[in-house]
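Below is structure28.txt, which holds compact mmCIF, C-alpha atoms.
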# COMPACT_ATOMS: atom_id res chain seq x y z
CA MET M 217 126.36 96.91 84.23
CA ALA M 218 127.67 94.04 86.29
CA ASP M 219 125.83 90.76 86.65
CA GLU M 220 124.93 90.07 90.25
CA SER M 221 123.92 86.50 89.54
CA THR M 222 123.95 84.41 86.39
CA SER M 223 123.09 80.80 85.69
CA ASP M 224 122.49 78.91 82.48
CA VAL M 225 118.84 79.95 82.48
CA VAL M 226 118.34 83.25 84.35
CA SER M 227 120.51 86.29 84.95
CA VAL M 228 119.97 89.23 87.30
CA SER M 229 121.90 92.45 86.77
CA ARG M 230 121.81 95.89 88.38
CA GLU M 231 122.20 99.40 87.03
CA GLY M 232 121.66 101.84 89.88
CA ALA M 233 118.23 101.18 91.37
CA VAL M 234 117.06 99.12 88.37
CA ALA M 235 117.28 95.32 88.38
CA THR M 236 117.04 93.45 85.07
CA VAL M 237 115.92 89.83 85.15
CA THR M 238 116.65 87.98 81.90
CA MET M 239 115.26 84.63 80.83
CA LEU M 240 118.16 83.04 78.95
CA ARG M 241 116.17 80.25 77.32
CA PRO M 242 113.05 80.68 75.17
CA ALA M 243 111.01 77.82 76.69
CA LEU M 244 110.08 77.44 80.33
CA THR M 245 111.77 74.39 81.79
CA GLY M 246 111.41 73.46 85.44
CA GLU M 247 114.86 74.87 86.15
CA LEU M 248 114.09 78.18 84.44
CA LYS M 249 110.73 78.54 86.17
CA THR M 250 112.24 77.88 89.58
CA GLU M 251 115.09 80.33 89.10
CA LEU M 252 112.81 82.97 87.58
CA ARG M 253 110.38 82.67 90.50
CA ASP M 254 113.21 83.00 93.01
CA ALA M 255 114.89 85.88 91.18
CA LEU M 256 111.68 87.89 90.99
CA GLU M 257 110.92 87.31 94.65
CA LEU M 258 114.45 88.48 95.48
CA VAL M 259 114.27 91.75 93.56
CA ALA M 260 110.72 92.34 94.81
CA SER M 261 111.87 92.20 98.42
CA ASP M 262 115.07 94.24 97.88
CA GLU M 263 114.27 97.80 98.98
CA THR M 264 117.30 99.14 97.08
CA VAL M 265 115.65 98.02 93.83
CA ARG M 266 113.14 100.69 92.78
CA ALA M 267 112.19 99.35 89.32
CA VAL M 268 112.54 96.03 87.49
CA VAL M 269 112.94 95.00 83.85
CA LEU M 270 111.90 91.51 82.74
CA THR M 271 113.23 90.40 79.37
CA GLY M 272 114.34 87.45 77.28
CA ALA M 273 117.42 86.63 75.24
CA GLY M 274 117.96 86.24 71.53
CA ARG M 275 114.85 86.22 69.35
CA ALA M 276 112.38 85.23 72.06
CA PHE M 277 110.98 86.87 75.16
CA CYS M 278 109.31 83.64 76.26
CA VAL M 279 107.54 80.96 74.22
CA GLY M 280 105.80 79.36 77.20
CA GLN M 281 106.11 75.89 78.65
CA ASP M 282 108.82 73.56 77.38
CA LEU M 283 106.52 70.99 75.77
CA ALA M 284 109.11 68.22 75.65
CA GLU M 285 109.46 68.43 79.41
CA HIS M 286 105.69 68.65 79.78
CA ALA M 287 105.23 65.53 77.63
CA ASP M 288 107.60 63.65 79.95
CA ALA M 289 105.55 64.80 82.95
CA LEU M 290 102.33 63.63 81.29
CA ARG M 291 103.82 60.24 80.52
CA ALA M 292 105.03 59.89 84.11
CA ASP M 293 101.81 60.98 85.83
CA PRO M 294 99.10 63.18 84.24
CA ALA M 295 97.64 63.85 87.69
CA THR M 296 100.77 65.73 88.80
CA ALA M 297 101.89 67.19 85.46
CA PHE M 298 100.23 70.51 86.25
CA ALA M 299 101.68 70.96 89.73
CA THR M 300 103.93 73.55 88.10
CA ILE M 301 101.01 75.98 87.94
CA ASP M 302 100.87 76.35 91.72
CA GLU M 303 104.60 75.86 92.17
CA HIS M 304 105.86 78.21 89.46
CA TYR M 305 103.42 80.05 87.23
CA ASN M 306 101.14 81.47 89.90
CA PRO M 307 103.96 82.78 92.13
CA ILE M 308 105.77 84.31 89.14
CA VAL M 309 102.69 86.19 87.93
CA THR M 310 101.67 87.22 91.44
CA THR M 311 105.12 88.62 92.18
CA LEU M 312 105.22 90.57 88.91
CA ALA M 313 101.76 92.01 89.43
CA THR M 314 102.00 92.84 93.13
CA MET M 315 105.61 93.80 93.88
CA PRO M 316 105.60 97.35 95.30
CA LYS M 317 107.65 98.77 92.44
CA PRO M 318 107.12 99.16 88.68
CA VAL M 319 107.99 96.31 86.33
CA VAL M 320 108.77 96.90 82.66
CA ALA M 321 108.54 93.99 80.23
CA ALA M 322 111.16 94.36 77.49
CA VAL M 323 109.57 92.09 74.89
CA ASN M 324 112.56 91.44 72.65
CA GLY M 325 110.93 88.76 70.51
CA THR M 326 108.38 85.94 70.38
CA CYS M 327 105.93 86.13 73.27
CA VAL M 328 103.33 83.38 73.51
CA GLY M 329 101.46 81.27 76.05
CA ALA M 330 102.68 81.83 79.59
CA GLY M 331 105.16 84.33 78.15
CA LEU M 332 102.25 86.55 77.17
CA GLY M 333 100.82 86.09 80.65
CA PHE M 334 104.14 87.21 82.16
CA ALA M 335 104.31 90.27 79.91
CA LEU M 336 100.77 91.30 80.79
CA ALA M 337 101.50 90.88 84.50
CA CYS M 338 104.12 93.62 84.15
CA ASP M 339 103.08 97.25 84.48
CA LEU M 340 104.50 98.55 81.19
CA ARG M 341 105.65 96.88 77.99
CA VAL M 342 108.31 97.91 75.48
CA THR M 343 108.06 95.69 72.41
CA ALA M 344 110.31 94.94 69.46
CA ASP M 345 108.63 95.77 66.16
CA THR M 346 109.52 92.24 64.99
CA ALA M 347 107.92 90.46 67.97
CA LYS M 348 105.16 87.91 67.43
CA PHE M 349 102.45 87.19 69.99
CA GLY M 350 99.94 84.43 70.61
CA THR M 351 97.97 82.68 73.32
CA ALA M 352 98.74 79.13 72.07
CA PHE M 353 96.87 77.26 74.82
CA THR M 354 93.89 75.91 72.89
CA GLY M 355 96.23 74.66 70.18
CA ILE M 356 97.39 71.97 72.60
CA GLY M 357 93.98 71.37 74.16
CA LEU M 358 94.38 73.63 77.18
CA THR M 359 92.87 76.81 78.57
CA CYS M 360 94.82 79.80 79.88
CA ASP M 361 97.14 79.97 82.84
CA SER M 362 99.48 82.66 84.18
CA GLY M 363 96.50 84.97 84.69
CA LEU M 364 96.03 85.37 80.97
CA SER M 365 92.24 84.88 80.96
CA ALA M 366 91.92 88.03 83.11
CA SER M 367 94.87 90.14 81.99
CA LEU M 368 94.24 89.66 78.27
CA ALA M 369 90.55 90.56 78.57
CA ARG M 370 91.49 93.61 80.59
CA ALA M 371 94.01 94.71 77.95
CA VAL M 372 92.04 94.10 74.76
CA GLY M 373 88.41 93.67 75.84
CA ALA M 374 86.37 90.52 76.28
CA ALA M 375 85.37 90.06 72.64
CA ARG M 376 88.88 90.25 71.22
CA ALA M 377 90.29 88.17 74.08
CA SER M 378 87.81 85.40 73.25
CA GLU M 379 88.92 85.45 69.62
CA LEU M 380 92.62 85.41 70.51
CA VAL M 381 92.21 82.55 72.99
CA LEU M 382 89.77 80.38 71.06
CA LEU M 383 91.34 80.75 67.63
CA GLY M 384 94.91 80.89 68.89
CA GLU M 385 96.12 82.94 65.92
CA THR M 386 99.40 84.81 66.22
CA PHE M 387 99.49 88.59 65.98
CA THR M 388 102.11 91.25 65.37
CA ALA M 389 103.68 93.95 67.52
CA ALA M 390 101.71 96.56 65.59
CA GLN M 391 98.47 94.76 66.42
CA ALA M 392 99.57 94.37 70.04
CA ALA M 393 100.03 98.14 70.22
CA GLU M 394 96.73 98.86 68.49
CA TRP M 395 94.86 96.55 70.86
CA GLY M 396 96.45 97.87 74.05
CA ILE M 397 98.94 95.09 74.85
CA ALA M 398 102.14 96.90 73.86
CA GLY M 399 102.69 100.41 75.15
CA ARG M 400 105.75 101.21 73.08
CA VAL M 401 106.96 99.52 69.90
CA VAL M 402 110.57 100.18 68.87
CA PRO M 403 113.15 98.60 66.56
CA ALA M 404 114.41 95.31 67.98
CA ASP M 405 117.89 96.65 68.67
CA GLU M 406 116.45 99.50 70.76
CA VAL M 407 114.27 97.44 73.11
CA ALA M 408 116.84 96.96 75.87
CA ALA M 409 117.92 100.60 75.95
CA THR M 410 114.36 101.92 75.77
CA ALA M 411 113.23 99.66 78.59
CA ALA M 412 116.28 100.55 80.68
CA ASP M 413 115.64 104.28 80.21
CA LEU M 414 111.99 103.86 81.14
CA ALA M 415 112.84 101.81 84.23
CA ALA M 416 115.46 104.36 85.31
CA ARG M 417 112.86 107.11 85.00
CA LEU M 418 110.46 105.10 87.14
CA ALA M 419 113.18 104.28 89.67
CA ALA M 420 113.75 108.01 90.16
CA GLY M 421 110.05 108.58 90.73
CA PRO M 422 107.66 108.29 93.69
CA THR M 423 107.85 104.54 94.20
CA ARG M 424 105.47 104.57 97.16
CA ALA M 425 102.87 106.23 94.93
CA TYR M 426 103.57 103.69 92.19
CA ALA M 427 102.99 100.85 94.64
CA GLU M 428 99.66 102.33 95.75
CA ALA M 429 98.68 102.91 92.11
CA LYS M 430 99.40 99.27 91.25
CA ARG M 431 97.22 98.09 94.12
CA ALA M 432 94.43 100.50 93.21
CA LEU M 433 94.40 99.54 89.54
CA ALA M 434 94.27 95.85 90.40
CA ALA M 435 91.61 96.14 93.07
CA SER M 436 89.40 98.66 91.30
CA TRP M 437 88.96 96.86 87.98
CA GLY M 438 85.29 95.99 87.80
CA ALA M 439 84.61 97.16 91.35
CA PRO M 440 81.56 99.34 92.09
CA LEU M 441 82.24 103.08 92.28
CA PRO M 442 81.82 103.37 96.08
CA GLU M 443 84.46 100.70 96.57
CA VAL M 444 86.81 102.42 94.10
CA LEU M 445 86.40 105.73 95.90
CA ARG M 446 87.03 104.11 99.28
CA LEU M 447 90.22 102.41 98.07
CA GLU M 448 91.47 105.62 96.47
CA GLY M 449 90.77 107.65 99.60
CA GLU M 450 92.62 105.21 101.85
CA ALA M 451 95.61 105.14 99.52
CA GLN M 452 95.77 108.93 99.30
CA ALA M 453 95.66 109.16 103.11
CA ARG M 454 98.64 106.80 103.35
CA LEU M 455 100.60 108.69 100.71
CA GLY M 456 99.81 111.99 102.38
CA LEU M 457 102.04 110.92 105.26
CA THR M 458 105.08 110.24 103.07
CA ASP M 459 108.15 112.43 102.76
CA ASP M 460 107.92 112.04 98.98
CA HIS M 461 104.50 113.69 98.83
CA ARG M 462 105.28 116.55 101.19
CA GLY M 463 108.62 117.21 99.52
CA ALA M 464 107.09 117.19 96.04
CA VAL M 465 104.44 119.73 97.07
CA GLU M 466 107.10 122.04 98.51
CA ALA M 467 109.21 121.59 95.36
CA PHE M 468 106.23 122.52 93.18
CA LEU M 469 105.62 125.68 95.19
CA SER M 470 109.29 126.66 94.99
CA LYS M 471 109.42 125.81 91.26
CA SER M 472 112.14 123.21 91.80
CA LYS M 473 112.35 119.57 90.74
CA PRO M 474 111.23 117.05 93.35
CA VAL M 475 113.61 114.34 94.53
CA PHE M 476 111.82 111.10 95.43
CA GLN M 477 113.40 108.80 98.02
CA GLY M 478 110.69 106.16 98.31
CA SER M 479 109.88 107.21 101.85
Would you write out, as structure tokens, the structure that this file holds?
Amino acid sequence: MADESTSDVVSVSREGAVATVTMLRPALTGELKTELRDALELVASDETVRAVVLTGAGRAFCVGQDLAEHADALRADPATAFATIDEHYNPIVTTLATMPKPVVAAVNGTCVGAGLGFALACDLRVTADTAKFGTAFTGIGLTCDSGLSASLARAVGAARASELVLLGETFTAAQAAEWGIAGRVVPADEVAATAADLAARLAAGPTRAYAEAKRALAASWGAPLPEVLRLEGEAQARLGLTDDHRGAVEAFLSKSKPVFQGS
């Protein structure tokens, strides 16, 4: 695997149709947030990328905001210290959640605060059995950002989300799996390979269908049944016109394996 772009804080590498975006520092500095936002937007718009892996380096996936940098921003001007939410956090989470291709979070280690929000904005999560999780926000007198107030409640239910946010207690990878946050828990040294294999499988799949499924899952959560049925019907009509769908039906009838091209 050759790196396509690497800086001190973010690297982007390619293996076939899978792009891996790696956060090279545990805490989110302004530089890291800017480069992460730009890297995700780049792979999201690249039609040759059919699946994405988001991961961290070392013993952390992402520990959230760099608090030393945040303290400097508060001292300089509290009124503008949170401009980073609109400038960085919201675009990062929106890109992860809405890009028309699957995103796998390879949670290699500690995952708290905005890091947990990033992981939950991904479609699937592969988690190290040694990883620790937490919301962290109320511990410093804040509420959630990075979409966490919605994505956490959706993953674990409203009652448990309230407990995790208000009490701010850390929890383990095993608990994350039990509660619906982590899909797959593997030994720490197998996270990268497991996530890469999963992303490669997705990249070989019907990416147009995956994109429609992502939109449907996001739009249908909490929607009334008639609206869900309408959205599903419209999506199926669009997919019915794709080469991938027609080819897969013919492959099924001929008892052969379908080949998906994303068209």
>> Residues within 10 Å of Cys327 (chain M), please, as a ChimeraX atom specification. Count only C-alpha atoms; anything in the same chain fewer than 5 positions from it doesn't count.
In response: /M:242,272,275-280,332-335,343,347-351,386,389
Export of prior selection with C-alpha atoms as a PDB file, in the frame of the given file:
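Output file again-v8.pdb follows:
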ATOM      1  CA  PRO M 242     113.050  80.680  75.170  1.00  0.00           C
ATOM      2  CA  GLY M 272     114.340  87.450  77.280  1.00  0.00           C
ATOM      3  CA  ARG M 275     114.850  86.220  69.350  1.00  0.00           C
ATOM      4  CA  ALA M 276     112.380  85.230  72.060  1.00  0.00           C
ATOM      5  CA  PHE M 277     110.980  86.870  75.160  1.00  0.00           C
ATOM      6  CA  CYS M 278     109.310  83.640  76.260  1.00  0.00           C
ATOM      7  CA  VAL M 279     107.540  80.960  74.220  1.00  0.00           C
ATOM      8  CA  GLY M 280     105.800  79.360  77.200  1.00  0.00           C
ATOM      9  CA  LEU M 332     102.250  86.550  77.170  1.00  0.00           C
ATOM     10  CA  GLY M 333     100.820  86.090  80.650  1.00  0.00           C
ATOM     11  CA  PHE M 334     104.140  87.210  82.160  1.00  0.00           C
ATOM     12  CA  ALA M 335     104.310  90.270  79.910  1.00  0.00           C
ATOM     13  CA  THR M 343     108.060  95.690  72.410  1.00  0.00           C
ATOM     14  CA  ALA M 347     107.920  90.460  67.970  1.00  0.00           C
ATOM     15  CA  LYS M 348     105.160  87.910  67.430  1.00  0.00           C
ATOM     16  CA  PHE M 349     102.450  87.190  69.990  1.00  0.00           C
ATOM     17  CA  GLY M 350      99.940  84.430  70.610  1.00  0.00           C
ATOM     18  CA  THR M 351      97.970  82.680  73.320  1.00  0.00           C
ATOM     19  CA  THR M 386      99.400  84.810  66.220  1.00  0.00           C
ATOM     20  CA  ALA M 389     103.680  93.950  67.520  1.00  0.00           C
TER      21      ALA M 389
END
>> as number ranges by chain, please: the residues near region 403-412 of chain M (cut-off 10 Å, only C-alpha atoms, same-chain neighbours under 2 positions excluded).
In response: M: 231, 234-236, 267-272, 275, 319-325, 340-347, 400-401, 414-418
Can you list every residue of region 307-418 of chain M that has an atom at most 10 Å from region 281-297 of chain M, with its nearest atom pair and the distance in Å to one decimal, using all atoms listed in the file, ordered by chain then number, as JSON lines?
{"residue": "M:Val328", "atom": "CA", "partner": "M:Gln281", "partner_atom": "CA", "distance": 9.5}
{"residue": "M:Gly329", "atom": "CA", "partner": "M:Gln281", "partner_atom": "CA", "distance": 7.6}
{"residue": "M:Ala330", "atom": "CA", "partner": "M:Gln281", "partner_atom": "CA", "distance": 6.9}
{"residue": "M:Gly331", "atom": "CA", "partner": "M:Gln281", "partner_atom": "CA", "distance": 8.5}
{"residue": "M:Ile356", "atom": "CA", "partner": "M:Leu283", "partner_atom": "CA", "distance": 9.7}
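Interatomic distance, CA of Pro318 (chain M) against CA of Tyr426 (chain M): 6.7 Å.
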>> Between M:Gly232, M:Pro316, M:Gly357, M:Gly438, which residue has the minimum interatomic distance to Ala420 (chain M), considering all atoms listed in the file?
In response: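 The answer is M:Gly232, which sits nearest to Ala420 (chain M).
The closest residue to Thr359 (chain M), picked from M:Ala374, M:Val402, M:Ala390, M:Leu380 and counting only C-alpha atoms, is M:Leu380.
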>> Set the distance at 10 Å and use only C-alpha atoms: which residues neighbour Ala427 (chain M) once local chain neighbours fewer than 4 positions away are removed? I'd like the list as a PyMOL selection string.
In response: chain M and resi 314-318+422-423+431-432+451
>> Residues within 8 Å of Ile301 (chain M), please, as a VMD selection string. Count all atoms listed in the file; anything in the same chain fewer than 4 positions from it doesn't count.
In response: chain M and resid 305 to 306 361 to 362
>> For Leu445 (chain M), find every residue with an atom within 12 Å (counting all atoms listed in the file), except residues of its own chain fewer than 4 positions away, and show them as a list in words.
In response: Ala432, Leu433, Ala435, Ser436, Ala439, Pro440, Leu441, Gly449, Glu450, Ala451 and Gln452 of chain M
> Of the residues M:Thr310, M:Thr326, M:Ser378, M:Thr264, which is the one nearest to Cys338 (chain M), using only C-alpha atoms?
Replying inline: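 Under the stated criterion, the closest residue is M:Thr310.
As for CA of Gly463 (chain M) and CA of Ala260 (chain M), they are spaced 25.4 Å apart.
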Provide an axis-aligned box for all listed atoms of region 250-268 of chain M, padding each side by 3 Å; report its centre and its edge lengths in Å to one decimal, as JSON.
{"center_x": 113.8, "center_y": 89.3, "center_z": 93.2, "size_x": 12.9, "size_y": 28.8, "size_z": 17.5}
> List as a PyMOL selection string: which residues have an atom within 6 Å of (114.1, 103.4, 94.7), counting only C-alpha atoms?
Replying inline: chain M and resi 233+264-266+419+478
Those residues with C-alpha atoms, as a PDB file, keeping the file's coordinate frame please?
ATOM      1  CA  ALA M 233     118.230 101.180  91.370  1.00  0.00           C
ATOM      2  CA  THR M 264     117.300  99.140  97.080  1.00  0.00           C
ATOM      3  CA  VAL M 265     115.650  98.020  93.830  1.00  0.00           C
ATOM      4  CA  ARG M 266     113.140 100.690  92.780  1.00  0.00           C
ATOM      5  CA  ALA M 419     113.180 104.280  89.670  1.00  0.00           C
ATOM      6  CA  GLY M 478     110.690 106.160  98.310  1.00  0.00           C
TER       7      GLY M 478
END
> How many Å lie between CA of Leu240 (chain M) and CA of Ala273 (chain M), rounded to one decimal?
Replying inline: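 Answer for the CA of Leu240 (chain M) to CA of Ala273 (chain M) separation: 5.2 Å.
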